[in-house]
Amino acid sequence: AAQPSEENMNEETPLLHRRTASSDSQISNSRLYLAVFSAVLGNFNFGYSLVYSSPVLPKFKSPDADPRLRMDTDQAAWFGSIYTLGAAAGGLGAMLLNDLIGRKMSIMMSAVPSSIGYMLMGGAVNLWMLLLGRFLTGVAGGMTAASIPVYISEISHKKVRGALGSCPQITAVFGTLTLYALGLVVPWRWLAVAGSVPAVLMVILLAFMPSSPRRLLSLGQEQKAEKALRWLRGSNYNTNIELNAIQQSINTQVKITWSQLLTPIYYRPILISVGMRFLQQMTGITPVLVYLEPIFAKSNVALEPRYDAAIVGAVRLFSVAVAASLMDKAGRKALLYSSSMLMFLSSLTLTMISHTTPCPAVNITAPGYSSHAELGNTLQASQGTAVSVIPLISTVVFIFGYAMGWGPITWLLMSEVLPLVARGVASGLCVTVSWLTAFVLTHVFTLMVDTYGLYVPYLTFTVVCVLCLLFNAVCIPETRNRSLEEIENYFRTGRTFTIRQNHPSVVSS
């Protein structure tokens with residue numbers, strides 16, 4: 001057969017691009033946004049339940065607490081950290097459920113342990129009920145953490161996938177802020193009752209949302225996949241191009257074995273995802289959020305710790321919104337660089353503040369002391385005010401930096417770079433590693449603070465932020481404006497996103 005001339009190829013390529021642009025221009029995102037909103041209600045619940053211990057622990061450790069529920073230091077540490085152990089178990093469960101029953105059903109199943117856990121905590125009359133309830137809400141958090149980013153990435157098109165990929169983190173932060181705000185006025189039992197409402201609403205809404213078109217095609221259900229994609233993109237959207245691209249990707253996939261995981265196309269993206277989730281937790285974000293009020297109390301900040309926690313929650317929500325608006329403009333790597341630098345500077349500041357030595361004693365009988373006493377008192381008061389404000393400002397900057405980069409982008413990149421054929425299992429593995437790291441770190445954090453104060457934990461977090469900078473520079477690819485198939489091609493070929501094939505319906509960007 002005659003090969004097409006270069007002139008003919010140049011004439012055909014703009015035509016294909018015009019067809020792609022024409023189909024993209026007919027996209028309606030309203031239903032896609034509704035599906036994403038329905039799913040991320042699970043992340044709202046995740047953020048809410050994660051920091052539930054922050055406002056309620058002081059009540060359980062109070063002498064006025066119910067004797068059956070009163071906690072000592074060790075029991076309080078378990079109440080704060082057992083959530084992360086449950087999240088690790090939920091991540092393991094999601095490894096099986098994601099591919100067994102699908103992403104959407106896995107998200108809906110998370111409402112079961114969530115509701116039971118909140119019921120146990122809301123009606124607790126013994127300490128074991130509080131611990132078991134906290135563990136079950138952690139299981140639900142791990143399930144949603146492993147399933148929701150994958151579901152969103154598979155139903156979104158590449159022009160909005162970056163912004164929508166940050167929605168899980170935004171709603172998790174909003175859930176955290178809601179808990180901090182309600183904790184100012186609502187008793188701890190009613191806080192648990194309120195937490196079950198988003199889970200129930202999530203199940204109701206998701207029941208009317210479509211499954212992932214990619215999963216439906218992998219099951220051989222072409223008509224259902226076409227119907228789901230048309231529902232998500234609008235009635236005027238030409239689904240053929242996108243469906244053909246997805247089908248082409250599925251056709252090139254085979255069931256992998258453990259030996260095949262040693263090939264770069266599989267182990268590189270999995271290691272990148274696991275490494276990001278490990279470093280994300282090693283920055284110290286989970287113990288900082290779980291023990292936020294006790295940390296502020298130990299830092300002698302100017303305001304009451306519960307109000308400081310609410311301020312941090314509000315700043316965190318604002319910073320994630322900033323990240324969402326810049327995700328598809330500035331790119332993933334630029335935001336990760338900015339995030340790492342802000343976290344490094346703030347944690348370094350907290351390290352220096354927490355490693356202060358007392359001033360030498362002043363001999364008040366020395367000549368001239370009385371004449372300078374008033375000036376000395378004034379300087380000491382102004383210095384105390386500054387020192388009490390700096391920990392709050394530094395913590396706010398730390399949370400801001402995390403929430404604009406290593407918070408949302410880690411979730412997004414995990415769903416983007418993981419190999420399509422192993423995405424369900426690999427995402428569960430990433431979440432499990434993440435939360436096991438968080439569990440160990442949260443327990444060690446308590447021991448380090450009791451032994452050394454806040455200096456050693458903050459110094460550790462500072463070193464980790466440097467590692468985050470290096471990891472981003474060396475290992476993480478820029479995935480902005482790349483389809484999932486192009487990202488997979490990057491790891492298959494080594495260094496190129498461009499898909500070279502004769503299939504006329506797939507156009508690489």
# chains A, B, ... in the order shown; residues from 1 in each chain; ligands from 1
>>> closest_atom_pairs(of="stretch 20-90 of chain A", to="stretch 224-241 of chain A", cutoff="6 Å", atoms="only C-alpha atoms", output="JSON lines")
{"residue": "A:Ser23", "atom": "CA", "partner": "A:Asn238", "partner_atom": "CA", "distance": 5.5}
{"residue": "A:Gln26", "atom": "CA", "partner": "A:Tyr237", "partner_atom": "CA", "distance": 5.2}
{"residue": "A:Ile27", "atom": "CA", "partner": "A:Arg233", "partner_atom": "CA", "distance": 5.1}
{"residue": "A:Ser28", "atom": "CA", "partner": "A:Gly234", "partner_atom": "CA", "distance": 5.0}
{"residue": "A:Arg31", "atom": "CA", "partner": "A:Leu232", "partner_atom": "CA", "distance": 5.5}
{"residue": "A:Leu32", "atom": "CA", "partner": "A:Leu232", "partner_atom": "CA", "distance": 5.0}
>>> write_last_selection(atoms="N, CA, C and O atoms", output="mmCIF file, in the first residue's frame")
data_model
loop_
_atom_site.group_PDB
_atom_site.id
_atom_site.type_symbol
_atom_site.label_atom_id
_atom_site.label_comp_id
_atom_site.auth_asym_id
_atom_site.auth_seq_id
_atom_site.Cartn_x
_atom_site.Cartn_y
_atom_site.Cartn_z
ATOM 1 N N SER A 23 -15.138 18.437 19.444
ATOM 2 C CA SER A 23 -15.817 17.602 20.426
ATOM 3 C C SER A 23 -15.623 18.142 21.834
ATOM 4 O O SER A 23 -16.530 18.097 22.663
ATOM 5 N N GLN A 26 -17.977 20.922 22.888
ATOM 6 C CA GLN A 26 -19.355 20.549 23.181
ATOM 7 C C GLN A 26 -19.514 19.928 24.565
ATOM 8 O O GLN A 26 -20.593 19.492 24.924
ATOM 9 N N ILE A 27 -18.427 19.899 25.327
ATOM 10 C CA ILE A 27 -18.493 19.271 26.651
ATOM 11 C C ILE A 27 -19.311 20.138 27.604
ATOM 12 O O ILE A 27 -19.133 21.351 27.678
ATOM 13 N N SER A 28 -20.188 19.481 28.334
ATOM 14 C CA SER A 28 -20.917 20.132 29.423
ATOM 15 C C SER A 28 -20.465 19.473 30.725
ATOM 16 O O SER A 28 -20.588 18.258 30.898
ATOM 17 N N ARG A 31 -22.881 17.885 34.978
ATOM 18 C CA ARG A 31 -23.126 16.577 35.581
ATOM 19 C C ARG A 31 -21.839 15.959 36.123
ATOM 20 O O ARG A 31 -21.868 15.229 37.107
ATOM 21 N N LEU A 32 -20.726 16.234 35.463
ATOM 22 C CA LEU A 32 -19.442 15.771 35.972
ATOM 23 C C LEU A 32 -19.179 16.365 37.352
ATOM 24 O O LEU A 32 -18.749 15.664 38.281
#
>>> residues_around(residues="stretch 37-41 of chain A", least_positions_apart="4", cutoff="7 Å", atoms="only C-alpha atoms", output="PyMOL selection string")
chain A and resi 33+45+148+167-168+171+198-199+202+205-206
>>> write_last_selection(atoms="C-alpha atoms", output="PDB file, in the first residue's frame")
ATOM      1  CA  TYR A  33     -19.250  18.303  38.797  1.00  0.00           C
ATOM      2  CA  ASN A  45     -16.200  12.836  56.266  1.00  0.00           C
ATOM      3  CA  ILE A 148     -12.224   8.577  45.424  1.00  0.00           C
ATOM      4  CA  CYS A 167     -11.399  18.462  45.218  1.00  0.00           C
ATOM      5  CA  PRO A 168     -10.825  15.490  47.584  1.00  0.00           C
ATOM      6  CA  THR A 171     -13.473  18.822  50.905  1.00  0.00           C
ATOM      7  CA  PRO A 198     -22.322  13.434  55.112  1.00  0.00           C
ATOM      8  CA  ALA A 199     -21.836   9.656  54.810  1.00  0.00           C
ATOM      9  CA  MET A 202     -22.980  10.524  49.930  1.00  0.00           C
ATOM     10  CA  LEU A 205     -26.313  10.870  45.748  1.00  0.00           C
ATOM     11  CA  LEU A 206     -23.841   8.275  44.449  1.00  0.00           C
TER      12      LEU A 206
END
>>> select_by_dssp(residues="stretch 138-239 of chain A", states="alpha helix (DSSP H)", output="mmCIF file with C-alpha atoms, in the first residue's frame")
data_model
loop_
_atom_site.group_PDB
_atom_site.id
_atom_site.type_symbol
_atom_site.label_atom_id
_atom_site.label_comp_id
_atom_site.auth_asym_id
_atom_site.auth_seq_id
_atom_site.Cartn_x
_atom_site.Cartn_y
_atom_site.Cartn_z
ATOM 1 C CA GLY A 138 -10.482 5.361 60.189
ATOM 2 C CA VAL A 139 -11.357 2.282 58.105
ATOM 3 C CA ALA A 140 -13.896 4.381 56.207
ATOM 4 C CA GLY A 141 -11.304 7.135 55.724
ATOM 5 C CA GLY A 142 -8.796 4.682 54.268
ATOM 6 C CA MET A 143 -11.380 3.272 51.857
ATOM 7 C CA THR A 144 -12.370 6.691 50.543
ATOM 8 C CA ALA A 145 -8.741 7.833 50.349
ATOM 9 C CA ALA A 146 -7.923 4.904 48.051
ATOM 10 C CA SER A 147 -11.072 4.981 45.909
ATOM 11 C CA ILE A 148 -12.224 8.577 45.424
ATOM 12 C CA PRO A 149 -9.117 9.972 43.623
ATOM 13 C CA VAL A 150 -9.160 7.035 41.197
ATOM 14 C CA TYR A 151 -12.891 7.447 40.505
ATOM 15 C CA ILE A 152 -12.509 11.187 39.873
ATOM 16 C CA SER A 153 -9.503 10.771 37.570
ATOM 17 C CA GLU A 154 -11.346 8.163 35.484
ATOM 18 C CA ILE A 155 -14.552 10.173 34.985
ATOM 19 C CA ARG A 161 -8.766 16.753 35.863
ATOM 20 C CA GLY A 162 -6.175 18.812 37.736
ATOM 21 C CA ALA A 163 -8.753 21.085 39.363
ATOM 22 C CA LEU A 164 -11.169 18.242 40.087
ATOM 23 C CA GLY A 165 -8.298 16.109 41.351
ATOM 24 C CA CYS A 167 -11.399 18.462 45.218
ATOM 25 C CA PRO A 168 -10.825 15.490 47.584
ATOM 26 C CA GLN A 169 -8.274 17.536 49.501
ATOM 27 C CA ILE A 170 -10.482 20.648 49.474
ATOM 28 C CA THR A 171 -13.473 18.822 50.905
ATOM 29 C CA ALA A 172 -11.284 17.007 53.456
ATOM 30 C CA VAL A 173 -9.993 20.396 54.617
ATOM 31 C CA PHE A 174 -13.533 21.764 54.700
ATOM 32 C CA GLY A 175 -14.534 18.782 56.837
ATOM 33 C CA THR A 176 -11.654 19.567 59.200
ATOM 34 C CA LEU A 177 -12.675 23.214 59.457
ATOM 35 C CA THR A 178 -16.288 22.205 60.099
ATOM 36 C CA LEU A 179 -15.190 19.976 62.969
ATOM 37 C CA TYR A 180 -13.050 22.738 64.498
ATOM 38 C CA ALA A 181 -15.924 25.230 64.200
ATOM 39 C CA LEU A 182 -18.568 22.885 65.629
ATOM 40 C CA GLY A 183 -16.163 21.867 68.387
ATOM 41 C CA TRP A 188 -18.549 15.845 71.791
ATOM 42 C CA ARG A 189 -21.395 13.305 71.493
ATOM 43 C CA TRP A 190 -23.289 15.514 69.048
ATOM 44 C CA LEU A 191 -20.064 16.031 67.095
ATOM 45 C CA ALA A 192 -20.107 12.285 66.429
ATOM 46 C CA VAL A 193 -23.772 12.338 65.431
ATOM 47 C CA ALA A 194 -23.157 15.202 62.992
ATOM 48 C CA GLY A 195 -20.336 13.245 61.375
ATOM 49 C CA SER A 196 -22.687 10.526 60.127
ATOM 50 C CA VAL A 197 -24.778 12.967 58.044
ATOM 51 C CA PRO A 198 -22.322 13.434 55.112
ATOM 52 C CA ALA A 199 -21.836 9.656 54.810
ATOM 53 C CA VAL A 200 -25.568 9.042 54.429
ATOM 54 C CA LEU A 201 -25.927 11.896 51.924
ATOM 55 C CA MET A 202 -22.980 10.524 49.930
ATOM 56 C CA VAL A 203 -24.646 7.116 49.531
ATOM 57 C CA ILE A 204 -27.940 8.663 48.411
ATOM 58 C CA LEU A 205 -26.313 10.870 45.748
ATOM 59 C CA LEU A 206 -23.841 8.275 44.449
ATOM 60 C CA PRO A 213 -16.588 4.427 31.865
ATOM 61 C CA ARG A 214 -13.087 2.954 31.966
ATOM 62 C CA ARG A 215 -14.183 0.185 34.323
ATOM 63 C CA LEU A 216 -17.322 -0.514 32.285
ATOM 64 C CA LEU A 217 -15.238 -0.887 29.122
ATOM 65 C CA SER A 218 -12.823 -3.200 30.909
ATOM 66 C CA GLU A 222 -19.569 -0.929 25.782
ATOM 67 C CA GLN A 223 -23.150 0.380 25.714
ATOM 68 C CA LYS A 224 -23.136 1.179 29.441
ATOM 69 C CA ALA A 225 -19.744 2.852 29.078
ATOM 70 C CA GLU A 226 -20.998 5.009 26.204
ATOM 71 C CA LYS A 227 -24.122 5.924 28.178
ATOM 72 C CA ALA A 228 -22.078 6.797 31.280
ATOM 73 C CA LEU A 229 -19.609 8.930 29.301
ATOM 74 C CA ARG A 230 -22.403 10.760 27.491
ATOM 75 C CA TRP A 231 -24.093 11.459 30.835
ATOM 76 C CA LEU A 232 -20.833 12.891 32.190
ATOM 77 C CA ARG A 233 -19.900 14.968 29.097
#
>>> closest_residue(among="A:Gly122, A:Gly117, A:Gly284, A:Pro419", to="A:Gly407", atoms="only C-alpha atoms")
A:Gly284
>>> residues_around(residues="stretch 337-344 of chain A", least_positions_apart="3", cutoff="7 Å", atoms="only C-alpha atoms", output="NGL selection string")
:A and (333-334 or 347-348 or 397-398 or 401-402 or 404-406 or 462 or 465-466 or 468-469)
